[in-house]
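Have a look at the structure below before the remarks.
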Amino acid sequence: MTDLPFVLDAMTLDDIPAVMSIERRVFSSMWSSGIYRHELTANPWSHYRVLRPTRPDLPPILAYGGVWQMDRSAHIPTIATHPDYQGRGLGGYVLLHLLLLGEKLGCHEATLEVRASNHVAQRLYLRYGFEVVGIRYRYYNDNGEDALIMTRPSLVREELQMELRRLRPWLQARWANILQTEPH
């Protein structure tokens with residue numbers, strides 16, 4: 001089996017333009033480059049990762065996400081996949097790595113908010129152990145949409161690593177097929 005055509009890496013200030021390119025395409029209410037700059041340079045509790053391709057024929061960033069260490073809770077403020085590569089396992093891969101990072105930071109649970117209308121993201125989070133625990137009414141200021149509060153009640157390193165081991169062969173086979181059949 002071939003290795004994956006991407007690597008997870010720490011987000012840097014140089015990544016912000018590529019991240020913003022994805023932001024503009026996937027979020028109706030997006031963060032600014034200044035927010036990312038602040039998160040990377042001034043927020044000691046934030047940790048951001050990007051999925052970099054190892055091939056030059058792919059976009060510079062395939063997916064990204066962040067985790068805030070909030071006492072014993074890992075809060076995921078943002079996660080996104082390049083729109084041309086959604087549905088190909090990248091979101092789950094980044095999410096599992098963010099959860100592992102949260103566990104490494106000493107967190108025991110994970111939380112996030114997701115648009116009530118974003119059923120694709122909700123299915124991803126449910127697949128990886130999140131549960132709906134509440135609603136933030138009129139949370140999104142672009143249209144007043146509610147956010148579902150979702151929590152994964154435990155972060156156990158061995159369980160997360162097992163989930164990642166189960167995902168990896170599927171990703172390897174899926175991406176080998178994608179790279180053979182799709183023009184870039």
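Quick note on naming: the chains in the structure tokens go A, B, ... in the order shown, residues restart at 1 in each chain, and ligands are numbered from 1 in order of appearance.
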Polymer residues at most 12 Å from range 53-58 of chain A, only C-alpha atoms, same-chain spacing of 6 or more positions, as a list of chain:residue names: A:Asp3, A:Leu4, A:Pro5, A:Phe6, A:Val7, A:Leu8, A:Asp9, A:Tyr64, A:His82, A:Asp84, A:Tyr85, A:Leu90, A:Trp175, A:Ile178, A:Leu179, A:Glu182, A:Pro183, A:His184
Please produce an output containing N, CA and C atoms for each residue in the selection, written as a tab-separated table (two decimals), in the first residue's frame.
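selection-v1.tsv was written with the following content:
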chain	number	residue	atom	x	y	z
A	3	ASP	N	1.88	5.25	0.74
A	3	ASP	CA	1.69	6.17	1.84
A	3	ASP	C	0.71	7.26	1.41
A	4	LEU	N	0.30	8.07	2.36
A	4	LEU	CA	-0.65	9.14	2.06
A	4	LEU	C	0.05	10.30	1.35
A	5	PRO	N	-0.66	10.98	0.44
A	5	PRO	CA	-0.04	12.09	-0.30
A	5	PRO	C	-0.13	13.43	0.44
A	6	PHE	N	-0.16	13.37	1.75
A	6	PHE	CA	-0.23	14.58	2.56
A	6	PHE	C	0.34	14.30	3.94
A	7	VAL	N	0.72	15.38	4.61
A	7	VAL	CA	1.24	15.30	5.98
A	7	VAL	C	0.57	16.37	6.82
A	8	LEU	N	0.39	16.06	8.09
A	8	LEU	CA	-0.16	17.03	9.03
A	8	LEU	C	1.00	17.83	9.61
A	9	ASP	N	0.84	19.14	9.66
A	9	ASP	CA	1.91	20.01	10.10
A	9	ASP	C	1.30	21.18	10.88
A	64	TYR	N	-7.53	21.98	7.21
A	64	TYR	CA	-6.92	22.59	8.39
A	64	TYR	C	-7.92	22.58	9.53
A	82	HIS	N	-10.52	21.76	1.84
A	82	HIS	CA	-10.57	22.41	0.53
A	82	HIS	C	-11.80	21.89	-0.20
A	84	ASP	N	-12.61	21.34	-3.22
A	84	ASP	CA	-12.39	20.38	-4.29
A	84	ASP	C	-12.03	18.98	-3.78
A	85	TYR	N	-11.79	18.87	-2.47
A	85	TYR	CA	-11.35	17.59	-1.89
A	85	TYR	C	-12.23	17.15	-0.73
A	90	LEU	N	-10.52	13.61	4.51
A	90	LEU	CA	-9.57	14.56	5.10
A	90	LEU	C	-10.09	15.17	6.40
A	175	TRP	N	-7.14	7.51	-1.74
A	175	TRP	CA	-6.28	8.51	-2.36
A	175	TRP	C	-5.45	7.92	-3.50
A	178	ILE	N	-7.90	8.16	-6.27
A	178	ILE	CA	-8.13	9.55	-6.67
A	178	ILE	C	-6.97	10.04	-7.53
A	179	LEU	N	-5.75	9.78	-7.08
A	179	LEU	CA	-4.59	10.30	-7.80
A	179	LEU	C	-4.37	9.61	-9.13
A	182	GLU	N	-8.00	11.12	-11.35
A	182	GLU	CA	-8.38	12.52	-11.51
A	182	GLU	C	-7.23	13.35	-12.05
A	183	PRO	N	-7.53	14.22	-13.01
A	183	PRO	CA	-6.49	15.16	-13.47
A	183	PRO	C	-6.30	16.26	-12.44
A	184	HIS	N	-5.08	16.73	-12.29
A	184	HIS	CA	-4.81	17.80	-11.32
A	184	HIS	C	-4.23	18.95	-12.04
Identify, on the basis of only C-alpha atoms, every residue whose closest approach to Ile76 in chain A does not exceed 10 Å; exclude the query and any residue fewer than 3 positions from it along the same chain; express the result as a PDB file with C-alpha atoms, in the first residue's frame.
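For reference, selection_8.pdb as written:
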ATOM      1  CA  SER A  46      -4.593  27.611  20.558  1.00  0.00           C
ATOM      2  CA  HIS A  47      -3.013  24.980  18.329  1.00  0.00           C
ATOM      3  CA  TYR A  48      -3.621  24.866  14.568  1.00  0.00           C
ATOM      4  CA  GLY A  65      -8.296  22.909  11.878  1.00  0.00           C
ATOM      5  CA  GLY A  66      -7.554  24.102  15.339  1.00  0.00           C
ATOM      6  CA  VAL A  67      -8.017  23.179  18.944  1.00  0.00           C
ATOM      7  CA  TRP A  68      -8.136  25.419  21.993  1.00  0.00           C
ATOM      8  CA  GLN A  69      -7.107  23.995  25.338  1.00  0.00           C
ATOM      9  CA  SER A  73     -11.791  20.469  27.399  1.00  0.00           C
ATOM     10  CA  ILE A  79     -12.048  22.809  10.795  1.00  0.00           C
ATOM     11  CA  LEU A  95     -10.374  15.832  13.393  1.00  0.00           C
ATOM     12  CA  LEU A  98      -6.937  17.456  16.732  1.00  0.00           C
ATOM     13  CA  LEU A  99      -8.554  15.149  19.292  1.00  0.00           C
ATOM     14  CA  GLY A 102      -6.264  17.743  22.832  1.00  0.00           C
ATOM     15  CA  ALA A 110     -13.873  17.776  23.175  1.00  0.00           C
ATOM     16  CA  THR A 111     -16.507  20.339  22.208  1.00  0.00           C
ATOM     17  CA  LEU A 112     -17.474  22.296  19.122  1.00  0.00           C
ATOM     18  CA  GLU A 113     -20.335  24.220  17.554  1.00  0.00           C
TER      19      GLU A 113
END
Quick one: contact table of range 83-118 of chain A to range 15-34 of chain A, 12 Å max, nearest atom pair and distance in Å to one decimal per residue, counting only C-alpha atoms, chain and number order, as a Markdown table?
| residue | atom | partner | partner_atom | distance |
| --- | --- | --- | --- | --- |
| A:Pro83 | CA | A:Val26 | CA | 6.7 |
| A:Asp84 | CA | A:Ile22 | CA | 9.8 |
| A:Tyr85 | CA | A:Ile22 | CA | 10.9 |
| A:Gln86 | CA | A:Val26 | CA | 10.2 |
| A:Val114 | CA | A:Phe27 | CA | 11.6 |
| A:Arg115 | CA | A:Phe27 | CA | 10.6 |
| A:Asn118 | CA | A:Phe27 | CA | 11.0 |
Selection file, N, CA and C atoms, as a PDB file, in the first residue's frame:
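The new file again_38.pdb reads:
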ATOM      1  N   PRO A  83     -12.632  22.765  -0.770  1.00  0.00           N
ATOM      2  CA  PRO A  83     -13.895  22.310  -1.373  1.00  0.00           C
ATOM      3  C   PRO A  83     -13.725  21.308  -2.505  1.00  0.00           C
ATOM      4  N   ASP A  84     -12.606  21.345  -3.215  1.00  0.00           N
ATOM      5  CA  ASP A  84     -12.387  20.379  -4.293  1.00  0.00           C
ATOM      6  C   ASP A  84     -12.028  18.984  -3.775  1.00  0.00           C
ATOM      7  N   TYR A  85     -11.793  18.867  -2.465  1.00  0.00           N
ATOM      8  CA  TYR A  85     -11.355  17.589  -1.892  1.00  0.00           C
ATOM      9  C   TYR A  85     -12.231  17.145  -0.727  1.00  0.00           C
ATOM     10  N   GLN A  86     -13.427  17.703  -0.616  1.00  0.00           N
ATOM     11  CA  GLN A  86     -14.348  17.279   0.433  1.00  0.00           C
ATOM     12  C   GLN A  86     -14.888  15.883   0.118  1.00  0.00           C
ATOM     13  N   VAL A 114     -21.579  23.636  15.579  1.00  0.00           N
ATOM     14  CA  VAL A 114     -21.777  23.387  14.154  1.00  0.00           C
ATOM     15  C   VAL A 114     -23.137  23.950  13.762  1.00  0.00           C
ATOM     16  N   ARG A 115     -23.205  24.510  12.558  1.00  0.00           N
ATOM     17  CA  ARG A 115     -24.483  25.053  12.086  1.00  0.00           C
ATOM     18  C   ARG A 115     -25.559  23.966  12.121  1.00  0.00           C
ATOM     19  N   ASN A 118     -25.871  22.212   8.840  1.00  0.00           N
ATOM     20  CA  ASN A 118     -24.707  21.537   8.262  1.00  0.00           C
ATOM     21  C   ASN A 118     -24.714  20.044   8.633  1.00  0.00           C
TER      22      ASN A 118
END
Atomic separation - CA of Glu158 in chain A relative to CA of Arg72 in chain A, Å: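 Distance reported for this atom pair: 18.0 Å.
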Given only C-alpha atoms as the counted atoms, nearest of A:Val120, A:Tyr125, A:Leu101, A:Arg88 to Ala173 in chain A: A:Arg88
